file run-v2.txt (compact mmCIF, N, CA and C atoms)
# COMPACT_ATOMS: atom_id res chain seq x y z
N MET I 32 0.84 -1.17 0.00
CA MET I 32 0.00 0.00 0.00
C MET I 32 0.89 1.24 0.00
N GLY I 33 0.61 2.18 -0.87
CA GLY I 33 1.44 3.36 -1.01
C GLY I 33 1.16 4.41 0.04
N LYS I 34 1.95 5.44 -0.01
CA LYS I 34 1.81 6.55 0.92
C LYS I 34 0.54 7.32 0.60
N ARG I 35 -0.14 7.78 1.63
CA ARG I 35 -1.37 8.54 1.44
C ARG I 35 -1.05 9.93 0.93
N LYS I 36 -1.81 10.36 -0.04
CA LYS I 36 -1.62 11.69 -0.63
C LYS I 36 -2.34 12.75 0.19
N PHE I 37 -3.44 12.37 0.83
CA PHE I 37 -4.25 13.31 1.60
C PHE I 37 -4.37 12.83 3.04
N ASN I 38 -4.29 13.79 3.98
CA ASN I 38 -4.52 13.42 5.37
C ASN I 38 -6.01 13.52 5.68
N ASP I 39 -6.40 13.13 6.88
CA ASP I 39 -7.82 13.08 7.23
C ASP I 39 -8.50 14.45 7.13
N GLU I 40 -7.81 15.51 7.52
CA GLU I 40 -8.41 16.85 7.45
C GLU I 40 -8.67 17.27 6.01
N GLU I 41 -7.73 16.95 5.13
CA GLU I 41 -7.90 17.29 3.72
C GLU I 41 -9.06 16.50 3.10
N ILE I 42 -9.15 15.24 3.46
CA ILE I 42 -10.24 14.41 2.95
C ILE I 42 -11.58 14.96 3.41
N THR I 43 -11.66 15.33 4.68
CA THR I 43 -12.89 15.90 5.21
C THR I 43 -13.24 17.20 4.48
N GLY I 44 -12.23 18.02 4.19
CA GLY I 44 -12.46 19.25 3.44
C GLY I 44 -12.98 18.99 2.04
N ILE I 45 -12.44 17.97 1.38
CA ILE I 45 -12.90 17.61 0.04
C ILE I 45 -14.36 17.16 0.08
N LEU I 46 -14.70 16.34 1.08
CA LEU I 46 -16.07 15.86 1.20
C LEU I 46 -17.03 17.01 1.51
N LYS I 47 -16.58 17.95 2.34
CA LYS I 47 -17.43 19.11 2.65
C LYS I 47 -17.63 20.01 1.44
N GLU I 48 -16.61 20.05 0.58
CA GLU I 48 -16.72 20.82 -0.65
C GLU I 48 -17.87 20.28 -1.50
N HIS I 49 -17.98 18.96 -1.57
CA HIS I 49 -19.08 18.34 -2.31
C HIS I 49 -20.42 18.64 -1.63
N GLN I 50 -20.45 18.62 -0.31
CA GLN I 50 -21.68 18.92 0.42
C GLN I 50 -22.12 20.36 0.20
N GLY I 51 -21.17 21.22 -0.16
CA GLY I 51 -21.47 22.62 -0.42
C GLY I 51 -22.11 22.86 -1.78
N GLY I 52 -22.26 21.81 -2.58
CA GLY I 52 -22.96 21.97 -3.85
C GLY I 52 -22.14 21.71 -5.09
N VAL I 53 -20.87 21.38 -4.95
CA VAL I 53 -20.02 21.10 -6.11
C VAL I 53 -20.24 19.65 -6.51
N THR I 54 -20.27 19.37 -7.81
CA THR I 54 -20.50 18.01 -8.28
C THR I 54 -19.31 17.12 -7.95
N VAL I 55 -19.57 15.83 -7.88
CA VAL I 55 -18.53 14.86 -7.57
C VAL I 55 -17.43 14.89 -8.64
N ALA I 56 -17.83 14.98 -9.89
CA ALA I 56 -16.86 15.01 -10.99
C ALA I 56 -15.93 16.22 -10.87
N ASP I 57 -16.50 17.38 -10.54
CA ASP I 57 -15.67 18.58 -10.40
C ASP I 57 -14.71 18.48 -9.22
N VAL I 58 -15.20 17.95 -8.10
CA VAL I 58 -14.35 17.80 -6.92
C VAL I 58 -13.21 16.83 -7.22
N CYS I 59 -13.53 15.72 -7.87
CA CYS I 59 -12.51 14.72 -8.19
C CYS I 59 -11.48 15.28 -9.16
N HIS I 60 -11.94 16.00 -10.16
CA HIS I 60 -11.01 16.59 -11.14
C HIS I 60 -10.11 17.63 -10.48
N ARG I 61 -10.68 18.46 -9.64
CA ARG I 61 -9.92 19.53 -8.98
C ARG I 61 -8.82 18.98 -8.07
N HIS I 62 -9.10 17.86 -7.40
CA HIS I 62 -8.14 17.33 -6.44
C HIS I 62 -7.35 16.14 -6.97
N GLY I 63 -7.64 15.73 -8.19
CA GLY I 63 -6.87 14.65 -8.81
C GLY I 63 -7.14 13.28 -8.20
N ILE I 64 -8.39 13.01 -7.86
CA ILE I 64 -8.75 11.71 -7.31
C ILE I 64 -9.81 11.06 -8.21
N SER I 65 -9.96 9.76 -8.07
CA SER I 65 -10.98 9.07 -8.86
C SER I 65 -12.31 9.11 -8.11
N GLU I 66 -13.37 8.91 -8.86
CA GLU I 66 -14.70 8.90 -8.24
C GLU I 66 -14.86 7.74 -7.25
N PRO I 67 -14.34 6.54 -7.56
CA PRO I 67 -14.43 5.47 -6.55
C PRO I 67 -13.72 5.83 -5.24
N THR I 68 -12.58 6.53 -5.35
CA THR I 68 -11.89 6.97 -4.14
C THR I 68 -12.76 7.93 -3.36
N PHE I 69 -13.38 8.87 -4.06
CA PHE I 69 -14.27 9.83 -3.40
C PHE I 69 -15.39 9.10 -2.68
N TYR I 70 -16.05 8.16 -3.34
CA TYR I 70 -17.17 7.45 -2.73
C TYR I 70 -16.72 6.56 -1.57
N ARG I 71 -15.50 6.01 -1.67
CA ARG I 71 -14.97 5.21 -0.55
C ARG I 71 -14.75 6.10 0.66
N TRP I 72 -14.17 7.29 0.44
CA TRP I 72 -13.99 8.25 1.54
C TRP I 72 -15.33 8.63 2.15
N GLN I 73 -16.31 8.84 1.28
CA GLN I 73 -17.62 9.25 1.75
C GLN I 73 -18.26 8.15 2.60
N SER I 74 -18.13 6.90 2.17
CA SER I 74 -18.70 5.80 2.94
C SER I 74 -17.97 5.63 4.27
N MET I 75 -16.66 5.86 4.27
CA MET I 75 -15.89 5.77 5.52
C MET I 75 -16.30 6.87 6.48
N GLN I 76 -16.61 8.04 5.97
CA GLN I 76 -16.99 9.15 6.83
C GLN I 76 -18.32 8.88 7.51
N PHE I 77 -19.25 8.24 6.81
CA PHE I 77 -20.58 8.01 7.36
C PHE I 77 -20.69 6.70 8.13
N SER I 78 -19.67 5.86 8.07
CA SER I 78 -19.71 4.62 8.83
C SER I 78 -19.14 4.86 10.23
N ASN I 79 -19.16 3.83 11.03
CA ASN I 79 -18.63 3.95 12.40
C ASN I 79 -17.12 4.04 12.42
N VAL I 80 -16.47 3.80 11.29
CA VAL I 80 -15.02 3.86 11.21
C VAL I 80 -14.60 5.18 10.58
N GLY I 81 -15.40 6.20 10.79
CA GLY I 81 -15.16 7.50 10.18
C GLY I 81 -13.88 8.16 10.66
N PHE I 82 -13.49 9.20 9.96
CA PHE I 82 -12.25 9.89 10.26
C PHE I 82 -12.29 10.55 11.63
N GLU I 83 -13.44 11.11 12.01
CA GLU I 83 -13.54 11.79 13.30
C GLU I 83 -13.40 10.80 14.45
N VAL I 84 -13.94 9.59 14.28
CA VAL I 84 -13.83 8.58 15.33
C VAL I 84 -12.37 8.17 15.50
N LYS I 85 -11.68 7.97 14.40
CA LYS I 85 -10.25 7.62 14.48
C LYS I 85 -9.46 8.73 15.15
N ARG I 86 -9.75 9.95 14.78
CA ARG I 86 -9.04 11.10 15.35
C ARG I 86 -9.33 11.22 16.84
N LEU I 87 -10.57 11.00 17.23
CA LEU I 87 -10.95 11.07 18.63
C LEU I 87 -10.24 10.00 19.44
N ARG I 88 -10.17 8.79 18.91
CA ARG I 88 -9.47 7.71 19.60
C ARG I 88 -7.99 8.03 19.77
N ALA I 89 -7.39 8.58 18.73
CA ALA I 89 -5.97 8.94 18.81
C ALA I 89 -5.75 10.02 19.87
N LEU I 90 -6.65 10.99 19.92
CA LEU I 90 -6.53 12.04 20.93
C LEU I 90 -6.72 11.49 22.34
N GLU I 91 -7.64 10.56 22.51
CA GLU I 91 -7.86 9.94 23.82
C GLU I 91 -6.62 9.16 24.26
N GLN I 92 -6.01 8.43 23.33
CA GLN I 92 -4.79 7.69 23.67
C GLN I 92 -3.66 8.64 24.05
N GLU I 93 -3.52 9.72 23.30
CA GLU I 93 -2.49 10.70 23.61
C GLU I 93 -2.75 11.34 24.97
N ASN I 94 -4.01 11.61 25.27
CA ASN I 94 -4.38 12.19 26.55
C ASN I 94 -4.00 11.25 27.70
N GLN I 95 -4.25 9.95 27.55
CA GLN I 95 -3.89 8.99 28.58
C GLN I 95 -2.37 8.95 28.80
N LYS I 96 -1.60 8.98 27.71
CA LYS I 96 -0.15 8.98 27.84
C LYS I 96 0.34 10.23 28.57
N LEU I 97 -0.25 11.38 28.23
CA LEU I 97 0.15 12.62 28.87
C LEU I 97 -0.22 12.61 30.35
N LYS I 98 -1.36 12.04 30.70
CA LYS I 98 -1.74 11.93 32.11
C LYS I 98 -0.74 11.08 32.89
N LYS I 99 -0.31 9.98 32.28
CA LYS I 99 0.68 9.12 32.94
C LYS I 99 2.00 9.85 33.13
N LEU I 100 2.43 10.59 32.10
CA LEU I 100 3.67 11.36 32.21
C LEU I 100 3.57 12.43 33.29
N LEU I 101 2.42 13.09 33.38
CA LEU I 101 2.21 14.10 34.41
C LEU I 101 2.24 13.47 35.79
N ALA I 102 1.60 12.33 35.95
CA ALA I 102 1.60 11.65 37.25
C ALA I 102 3.02 11.27 37.66
N ALA I 103 3.80 10.76 36.72
CA ALA I 103 5.18 10.38 37.02
C ALA I 103 6.01 11.61 37.40
N ALA I 104 5.81 12.72 36.70
CA ALA I 104 6.56 13.94 37.01
C ALA I 104 6.16 14.49 38.38
N MET I 105 4.87 14.43 38.69
CA MET I 105 4.42 14.92 40.00
C MET I 105 4.96 14.03 41.13
N LEU I 106 5.01 12.72 40.91
CA LEU I 106 5.57 11.81 41.90
C LEU I 106 7.05 12.09 42.12
N ALA I 107 7.77 12.32 41.03
CA ALA I 107 9.20 12.62 41.15
C ALA I 107 9.40 13.93 41.89
N ALA I 108 8.59 14.92 41.62
CA ALA I 108 8.70 16.21 42.30
C ALA I 108 8.38 16.06 43.78
N ALA I 109 7.37 15.28 44.12
CA ALA I 109 7.02 15.07 45.53
C ALA I 109 8.14 14.34 46.25
N THR I 110 8.73 13.34 45.60
CA THR I 110 9.83 12.59 46.20
C THR I 110 11.03 13.50 46.45
N LEU I 111 11.37 14.31 45.49
CA LEU I 111 12.48 15.24 45.66
C LEU I 111 12.20 16.25 46.76
N SER I 112 10.96 16.69 46.85
CA SER I 112 10.58 17.64 47.89
C SER I 112 10.73 17.01 49.28
N GLU I 113 10.30 15.76 49.42
CA GLU I 113 10.44 15.06 50.70
C GLU I 113 11.90 14.88 51.07
N MET I 114 12.71 14.51 50.09
CA MET I 114 14.14 14.32 50.35
C MET I 114 14.79 15.64 50.76
N LEU I 115 14.39 16.72 50.15
CA LEU I 115 14.93 18.03 50.49
C LEU I 115 14.54 18.43 51.90
N GLU I 116 13.29 18.15 52.28
CA GLU I 116 12.84 18.46 53.64
C GLU I 116 13.63 17.67 54.66
N LYS I 117 13.87 16.39 54.41
CA LYS I 117 14.61 15.55 55.35
C LYS I 117 16.04 16.03 55.51
N THR I 118 16.67 16.41 54.40
CA THR I 118 18.07 16.86 54.49
C THR I 118 18.16 18.23 55.14
N SER I 119 17.19 19.10 54.89
CA SER I 119 17.25 20.43 55.49
C SER I 119 16.89 20.36 56.98
N ASN I 120 16.00 19.45 57.40
CA ASN I 120 15.65 19.30 58.81
C ASN I 120 16.80 18.68 59.59
N GLY I 121 17.55 17.82 58.99
CA GLY I 121 18.69 17.18 59.66
C GLY I 121 19.81 18.16 59.90
N ARG I 122 19.94 19.19 59.11
CA ARG I 122 21.03 20.17 59.24
C ARG I 122 20.68 21.32 60.17
N ALA I 123 19.42 21.50 60.41
CA ALA I 123 19.02 22.65 61.21
C ALA I 123 19.20 22.45 62.67

call {"tool": "encode", "arguments": {"input": "run-v2.txt", "output": "structure tokens"}}
result
Amino acid sequence: MGKRKFNDEEITGILKEHQGGVTVADVCHRHGISEPTFYRWQSMQFSNVGFEVKRLRALEQENQKLKKLLAAAMLAAATLSEMLEKTSNGRA
């Protein structure tokens, strides 16, 4: 399978262009795609495997990773703070 020429946002923009009243043939000609490709994108957008669902899942996964990183950083900061308190209390 070759490299994708269009990303999800561009595909969504092309589909919205058609929804705005431009014919399928004109949209396909303007963007250099075939009509079967256009209709496949359109069916993917309206199915449960649509582009927005994929994007939402990716954002949710990224959010979970960032939460884990934040928790680890906060734990490290708390540990360092405790160690600093112990060393400063021992010297006073």

call {"tool": "closest_residue", "arguments": {"input": "run-v2.txt", "among": "I:Leu46, I:Ala109, I:Ala89, I:Met114", "to": "Ile64 in chain I", "atoms": "only C-alpha atoms"}}
result
I:Leu46

call {"tool": "closest_residue", "arguments": {"input": "run-v2.txt", "among": "I:Arg71, I:Gln76, I:Glu66, I:His60", "to": "Thr43 in chain I", "atoms": "only C-alpha atoms"}}
result
I:Gln76

call {"tool": "atom_distance", "arguments": {"input": "run-v2.txt", "atom1": "CA of Asp39 in chain I", "atom2": "atom N of Glu83 in chain I"}}
result
7.6 Å

call {"tool": "select_by_dssp", "arguments": {"input": "run-v2.txt", "residues": "range 50-85 of chain I", "states": "alpha helix (DSSP H)", "output": "list in words"}}
result
Gln50, Val55, Ala56, Asp57, Val58, Cys59, His60, Arg61, His62, Glu66, Pro67, Thr68, Phe69, Tyr70, Arg71, Trp72, Gln73, Ser74, Met75, Gln76, Phe77, Phe82, Glu83, Val84 and Lys85 of chain I

call {"tool": "closest_residue", "arguments": {"input": "run-v2.txt", "among": "I:Leu90, I:Ile42, I:Met75, I:Met105", "to": "Cys59 in chain I", "atoms": "only C-alpha atoms"}}
result
I:Ile42

call {"tool": "axis_aligned_box", "arguments": {"input": "run-v2.txt", "around": "range 48-67 of chain I", "padding_each_side": "5 Å", "output": "AutoDock Vina command-line options"}}
result
--center_x -14.9 --center_y 14.2 --center_z -5.3 --size_x 26.1 --size_y 27.4 --size_z 21.7

call {"tool": "atom_distance", "arguments": {"input": "run-v2.txt", "atom1": "CA of Lys99 in chain I", "atom2": "CA of Arg86 in chain I"}}
result
20.2 Å

call {"tool": "atom_distance", "arguments": {"input": "run-v2.txt", "atom1": "CA of Thr110 in chain I", "atom2": "CA of Glu93 in chain I"}}
result
25.8 Å

call {"tool": "decode", "arguments": {"input": "run-v2.txt", "residues": "range 82-106 of chain I", "atoms": "N, CA and C atoms", "output": "PDB file, in the first residue's frame"}}
result
ATOM      1  N   PHE I  82     -13.490   9.197   9.959  1.00  0.00           N
ATOM      2  CA  PHE I  82     -12.247   9.888  10.262  1.00  0.00           C
ATOM      3  C   PHE I  82     -12.291  10.552  11.633  1.00  0.00           C
ATOM      4  N   GLU I  83     -13.438  11.109  12.010  1.00  0.00           N
ATOM      5  CA  GLU I  83     -13.543  11.785  13.297  1.00  0.00           C
ATOM      6  C   GLU I  83     -13.401  10.800  14.448  1.00  0.00           C
ATOM      7  N   VAL I  84     -13.939   9.591  14.279  1.00  0.00           N
ATOM      8  CA  VAL I  84     -13.832   8.582  15.325  1.00  0.00           C
ATOM      9  C   VAL I  84     -12.373   8.173  15.500  1.00  0.00           C
ATOM     10  N   LYS I  85     -11.676   7.972  14.403  1.00  0.00           N
ATOM     11  CA  LYS I  85     -10.251   7.616  14.478  1.00  0.00           C
ATOM     12  C   LYS I  85      -9.459   8.730  15.148  1.00  0.00           C
ATOM     13  N   ARG I  86      -9.746   9.954  14.778  1.00  0.00           N
ATOM     14  CA  ARG I  86      -9.041  11.097  15.348  1.00  0.00           C
ATOM     15  C   ARG I  86      -9.328  11.219  16.842  1.00  0.00           C
ATOM     16  N   LEU I  87     -10.574  10.999  17.229  1.00  0.00           N
ATOM     17  CA  LEU I  87     -10.950  11.073  18.635  1.00  0.00           C
ATOM     18  C   LEU I  87     -10.238   9.999  19.441  1.00  0.00           C
ATOM     19  N   ARG I  88     -10.173   8.793  18.907  1.00  0.00           N
ATOM     20  CA  ARG I  88      -9.471   7.710  19.605  1.00  0.00           C
ATOM     21  C   ARG I  88      -7.991   8.028  19.766  1.00  0.00           C
ATOM     22  N   ALA I  89      -7.386   8.581  18.730  1.00  0.00           N
ATOM     23  CA  ALA I  89      -5.970   8.940  18.810  1.00  0.00           C
ATOM     24  C   ALA I  89      -5.751  10.018  19.866  1.00  0.00           C
ATOM     25  N   LEU I  90      -6.650  10.994  19.925  1.00  0.00           N
ATOM     26  CA  LEU I  90      -6.526  12.040  20.932  1.00  0.00           C
ATOM     27  C   LEU I  90      -6.716  11.492  22.344  1.00  0.00           C
ATOM     28  N   GLU I  91      -7.641  10.561  22.505  1.00  0.00           N
ATOM     29  CA  GLU I  91      -7.855   9.945  23.816  1.00  0.00           C
ATOM     30  C   GLU I  91      -6.623   9.158  24.258  1.00  0.00           C
ATOM     31  N   GLN I  92      -6.006   8.429  23.335  1.00  0.00           N
ATOM     32  CA  GLN I  92      -4.789   7.690  23.668  1.00  0.00           C
ATOM     33  C   GLN I  92      -3.660   8.636  24.047  1.00  0.00           C
ATOM     34  N   GLU I  93      -3.523   9.718  23.300  1.00  0.00           N
ATOM     35  CA  GLU I  93      -2.488  10.702  23.605  1.00  0.00           C
ATOM     36  C   GLU I  93      -2.746  11.335  24.971  1.00  0.00           C
ATOM     37  N   ASN I  94      -4.012  11.607  25.267  1.00  0.00           N
ATOM     38  CA  ASN I  94      -4.376  12.191  26.545  1.00  0.00           C
ATOM     39  C   ASN I  94      -3.998  11.255  27.702  1.00  0.00           C
ATOM     40  N   GLN I  95      -4.250   9.954  27.550  1.00  0.00           N
ATOM     41  CA  GLN I  95      -3.886   8.987  28.578  1.00  0.00           C
ATOM     42  C   GLN I  95      -2.372   8.948  28.799  1.00  0.00           C
ATOM     43  N   LYS I  96      -1.602   8.984  27.712  1.00  0.00           N
ATOM     44  CA  LYS I  96      -0.148   8.977  27.835  1.00  0.00           C
ATOM     45  C   LYS I  96       0.336  10.229  28.568  1.00  0.00           C
ATOM     46  N   LEU I  97      -0.251  11.376  28.227  1.00  0.00           N
ATOM     47  CA  LEU I  97       0.149  12.618  28.872  1.00  0.00           C
ATOM     48  C   LEU I  97      -0.216  12.614  30.353  1.00  0.00           C
ATOM     49  N   LYS I  98      -1.356  12.037  30.704  1.00  0.00           N
ATOM     50  CA  LYS I  98      -1.738  11.934  32.114  1.00  0.00           C
ATOM     51  C   LYS I  98      -0.744  11.080  32.889  1.00  0.00           C
ATOM     52  N   LYS I  99      -0.306   9.976  32.280  1.00  0.00           N
ATOM     53  CA  LYS I  99       0.676   9.117  32.936  1.00  0.00           C
ATOM     54  C   LYS I  99       2.005   9.846  33.125  1.00  0.00           C
ATOM     55  N   LEU I 100       2.429  10.590  32.099  1.00  0.00           N
ATOM     56  CA  LEU I 100       3.667  11.362  32.208  1.00  0.00           C
ATOM     57  C   LEU I 100       3.567  12.428  33.294  1.00  0.00           C
ATOM     58  N   LEU I 101       2.419  13.089  33.378  1.00  0.00           N
ATOM     59  CA  LEU I 101       2.212  14.101  34.406  1.00  0.00           C
ATOM     60  C   LEU I 101       2.242  13.475  35.792  1.00  0.00           C
ATOM     61  N   ALA I 102       1.602  12.333  35.954  1.00  0.00           N
ATOM     62  CA  ALA I 102       1.601  11.654  37.252  1.00  0.00           C
ATOM     63  C   ALA I 102       3.020  11.271  37.662  1.00  0.00           C
ATOM     64  N   ALA I 103       3.797  10.763  36.716  1.00  0.00           N
ATOM     65  CA  ALA I 103       5.180  10.383  37.017  1.00  0.00           C
ATOM     66  C   ALA I 103       6.007  11.609  37.398  1.00  0.00           C
ATOM     67  N   ALA I 104       5.811  12.718  36.699  1.00  0.00           N
ATOM     68  CA  ALA I 104       6.557  13.941  37.008  1.00  0.00           C
ATOM     69  C   ALA I 104       6.165  14.490  38.376  1.00  0.00           C
ATOM     70  N   MET I 105       4.871  14.432  38.693  1.00  0.00           N
ATOM     71  CA  MET I 105       4.420  14.918  40.000  1.00  0.00           C
ATOM     72  C   MET I 105       4.958  14.033  41.127  1.00  0.00           C
ATOM     73  N   LEU I 106       5.014  12.721  40.907  1.00  0.00           N
ATOM     74  CA  LEU I 106       5.565  11.808  41.896  1.00  0.00           C
ATOM     75  C   LEU I 106       7.048  12.086  42.118  1.00  0.00           C
TER      76      LEU I 106
END
